[in-house]
Amino acid sequence: MAAIGVRAILVLFALSALRADQAADARSTLDQVARGLSEGNPADAISPFDKSYGDYDKLSGYFGGLTDAFQIVNEIDVVDERDTERDITLTARWTITLSDLGSNYTERRVGDIQVRLLLKNRKWKIVEFLPIDIFDPRQKQSVR
């Protein structure tokens, strides 16, 4: 009987470790998006997105417009997370600071982004990412 209890504890430990790895993988995927934007590389920023994502082309254009026009600093805070073996759904409070060094213009945008990632070919791919308006290079928000 004690052996069954030990096995159950080991299974629970393994499952919680798997969930922790999944959470770390999800955050790493978001970090890849942020890093691509900060480094001025829109191709790297869009690469974690699955091509089936409905706004893939639109968001790719937004990323290109932002990286062409601004130096970018990102801050991401995951405020909610739910995961299963095959998908992760989270809310990320995304802060993006855009600086035009030529004009000394700075703009700070903040938004809660709903993100859903699916495990595809052993990689986490973003399949939902809404709303995307804070990434629109033409949008003007007040400086905060």
# chains A, B, ... in the order shown; residues from 1 in each chain; ligands from 1
>>> select_by_dssp(residues="region 10-97 of chain A", states="helix (DSSP H, G or I)", output="number ranges by chain")
A: 10-38, 42-46, 56-69
>>> select_by_dssp(residues="region 7-111 of chain A", states="strand (DSSP E)", output="PyMOL selection string")
chain A and resi 71-83+87-100+105-111
>>> write_last_selection(atoms="C-alpha atoms", output="CSV table (one decimal), in the first residue's frame")
chain,number,residue,atom,x,y,z
A,71,GLN,CA,13.8,51.3,-31.1
A,72,ILE,CA,11.7,49.0,-29.0
A,73,VAL,CA,11.7,47.9,-25.4
A,74,ASN,CA,9.3,45.3,-24.2
A,75,GLU,CA,8.1,44.2,-20.8
A,76,ILE,CA,5.9,41.2,-20.4
A,77,ASP,CA,4.1,40.1,-17.2
A,78,VAL,CA,2.1,36.9,-17.3
A,79,VAL,CA,-1.0,37.7,-15.1
A,80,ASP,CA,-3.0,34.5,-15.7
A,81,GLU,CA,-2.2,31.0,-17.1
A,82,ARG,CA,-4.1,27.8,-17.7
A,83,ASP,CA,-2.5,24.8,-19.4
A,87,ASP,CA,-2.2,23.8,-25.0
A,88,ILE,CA,-1.5,26.8,-22.9
A,89,THR,CA,-3.8,29.8,-22.5
A,90,LEU,CA,-2.5,32.9,-20.8
A,91,THR,CA,-3.0,36.6,-20.3
A,92,ALA,CA,0.2,38.7,-20.7
A,93,ARG,CA,0.3,42.4,-19.7
A,94,TRP,CA,2.5,43.7,-22.5
A,95,THR,CA,4.3,47.1,-22.2
A,96,ILE,CA,6.0,48.3,-25.3
A,97,THR,CA,8.1,51.5,-25.3
A,98,LEU,CA,8.7,53.0,-28.7
A,99,SER,CA,11.5,55.5,-29.2
A,100,ASP,CA,12.4,57.5,-32.3
A,105,TYR,CA,9.8,61.0,-29.4
A,106,THR,CA,8.8,58.2,-27.0
A,107,GLU,CA,5.5,56.4,-26.7
A,108,ARG,CA,4.6,53.8,-24.1
A,109,ARG,CA,1.7,51.4,-24.9
A,110,VAL,CA,0.2,48.9,-22.4
A,111,GLY,CA,-2.3,46.1,-23.1
>>> residues_around(residues="Leu130 (chain A)", least_positions_apart="4", cutoff="7 Å", atoms="only C-alpha atoms", output="list in words")
Ile113, Gln114 and Val115 of chain A
>>> residues_around(residues="Thr67 (chain A)", least_positions_apart="3", cutoff="7 Å", atoms="only C-alpha atoms", output="list of chain:residue names")
A:Leu37, A:Gly40, A:Asn41, A:Pro42, A:Phe63, A:Gly64, A:Phe70, A:Gln71
>>> residues_around(residues="Asp57 (chain A)", least_positions_apart="4", cutoff="12 Å", atoms="only C-alpha atoms", output="list in words")
Pro42, Ala43, Ile46, Ser47, Phe49, Asp50, Lys51, Ser52, Tyr53, Gly61, Tyr62, Phe63, Gly64 and Ile132 of chain A
>>> write_last_selection(atoms="N, CA and C atoms", output="CSV table (one decimal), in the first residue's frame")
chain,number,residue,atom,x,y,z
A,42,PRO,N,11.9,41.6,-37.2
A,42,PRO,CA,10.5,41.2,-37.3
A,42,PRO,C,10.3,39.7,-37.7
A,43,ALA,N,11.2,39.2,-38.4
A,43,ALA,CA,11.1,37.8,-38.8
A,43,ALA,C,11.2,36.9,-37.6
A,46,ILE,N,7.9,37.1,-35.4
A,46,ILE,CA,6.8,36.4,-35.9
A,46,ILE,C,7.0,34.9,-36.0
A,47,SER,N,8.2,34.5,-35.9
A,47,SER,CA,8.5,33.0,-36.0
A,47,SER,C,7.8,32.1,-35.0
A,49,PHE,N,4.7,32.2,-34.2
A,49,PHE,CA,3.3,32.2,-34.5
A,49,PHE,C,3.1,31.1,-35.6
A,50,ASP,N,2.0,30.3,-35.4
A,50,ASP,CA,1.6,29.4,-36.3
A,50,ASP,C,1.0,30.1,-37.5
A,51,LYS,N,1.3,29.7,-38.7
A,51,LYS,CA,0.8,30.4,-39.9
A,51,LYS,C,-0.8,30.3,-40.0
A,52,SER,N,-1.4,29.4,-39.2
A,52,SER,CA,-2.8,29.3,-39.2
A,52,SER,C,-3.5,30.4,-38.4
A,53,TYR,N,-2.6,31.2,-37.6
A,53,TYR,CA,-3.2,32.3,-36.8
A,53,TYR,C,-3.8,33.3,-37.8
A,61,GLY,N,3.1,42.4,-40.6
A,61,GLY,CA,3.2,43.8,-41.1
A,61,GLY,C,3.4,44.8,-40.0
A,62,TYR,N,2.7,44.7,-38.9
A,62,TYR,CA,2.8,45.5,-37.7
A,62,TYR,C,4.2,45.4,-37.2
A,63,PHE,N,4.7,44.2,-37.0
A,63,PHE,CA,6.1,44.0,-36.5
A,63,PHE,C,7.1,44.7,-37.4
A,64,GLY,N,7.0,44.5,-38.7
A,64,GLY,CA,7.9,45.2,-39.6
A,64,GLY,C,7.8,46.7,-39.5
A,132,ILE,N,-4.3,43.0,-31.0
A,132,ILE,CA,-3.0,43.3,-31.5
A,132,ILE,C,-2.8,44.8,-31.7
>>> atom_distance(atom1="CA of Gln32 (chain A)", atom2="CA of Asp133 (chain A)")
19.3 Å
>>> atom_distance(atom1="CA of Lys140 (chain A)", atom2="CA of Gly65 (chain A)")
13.6 Å
>>> closest_residue(among="A:Glu39, A:Asp31, A:Asp55, A:Asp25", to="Leu119 (chain A)", atoms="only C-alpha atoms")
A:Asp25
>>> atom_distance(atom1="CA of Leu118 (chain A)", atom2="CA of Arg86 (chain A)")
5.8 Å
>>> decode(residues="region 24-43 of chain A", atoms="N, CA and C atoms", output="compact mmCIF listing (two decimals), in the first residue's frame")
# COMPACT_ATOMS: atom_id res chain seq x y z
N ALA A 24 7.32 27.50 -18.49
CA ALA A 24 8.60 28.10 -18.87
C ALA A 24 8.72 28.17 -20.40
N ASP A 25 8.28 27.12 -21.09
CA ASP A 25 8.31 27.11 -22.55
C ASP A 25 7.41 28.20 -23.13
N ALA A 26 6.23 28.38 -22.54
CA ALA A 26 5.30 29.41 -23.02
C ALA A 26 5.93 30.79 -22.84
N ARG A 27 6.51 31.02 -21.70
CA ARG A 27 7.14 32.32 -21.45
C ARG A 27 8.34 32.53 -22.36
N SER A 28 9.06 31.47 -22.62
CA SER A 28 10.20 31.56 -23.54
C SER A 28 9.73 31.92 -24.95
N THR A 29 8.57 31.39 -25.34
CA THR A 29 8.01 31.70 -26.65
C THR A 29 7.65 33.18 -26.73
N LEU A 30 7.03 33.72 -25.69
CA LEU A 30 6.71 35.15 -25.66
C LEU A 30 7.99 35.99 -25.63
N ASP A 31 8.99 35.52 -24.90
CA ASP A 31 10.27 36.23 -24.86
C ASP A 31 10.90 36.30 -26.24
N GLN A 32 10.72 35.25 -27.03
CA GLN A 32 11.26 35.25 -28.40
C GLN A 32 10.61 36.35 -29.24
N VAL A 33 9.31 36.54 -29.08
CA VAL A 33 8.61 37.61 -29.79
C VAL A 33 9.18 38.96 -29.35
N ALA A 34 9.27 39.16 -28.05
CA ALA A 34 9.78 40.43 -27.51
C ALA A 34 11.22 40.68 -27.94
N ARG A 35 12.05 39.66 -27.88
CA ARG A 35 13.46 39.79 -28.27
C ARG A 35 13.59 40.18 -29.75
N GLY A 36 12.79 39.53 -30.60
CA GLY A 36 12.82 39.87 -32.03
C GLY A 36 12.48 41.33 -32.27
N LEU A 37 11.46 41.82 -31.57
CA LEU A 37 11.08 43.23 -31.71
C LEU A 37 12.18 44.14 -31.19
N SER A 38 12.72 43.84 -30.02
CA SER A 38 13.75 44.68 -29.42
C SER A 38 15.03 44.70 -30.25
N GLU A 39 15.32 43.61 -30.92
CA GLU A 39 16.51 43.52 -31.75
C GLU A 39 16.27 44.04 -33.17
N GLY A 40 15.05 44.51 -33.45
CA GLY A 40 14.75 45.03 -34.78
C GLY A 40 14.63 43.95 -35.83
N ASN A 41 14.24 42.74 -35.42
CA ASN A 41 14.15 41.62 -36.34
C ASN A 41 12.71 41.07 -36.35
N PRO A 42 11.86 41.62 -37.24
CA PRO A 42 10.47 41.19 -37.26
C PRO A 42 10.29 39.73 -37.65
N ALA A 43 11.21 39.17 -38.44
CA ALA A 43 11.10 37.75 -38.81
C ALA A 43 11.25 36.86 -37.58
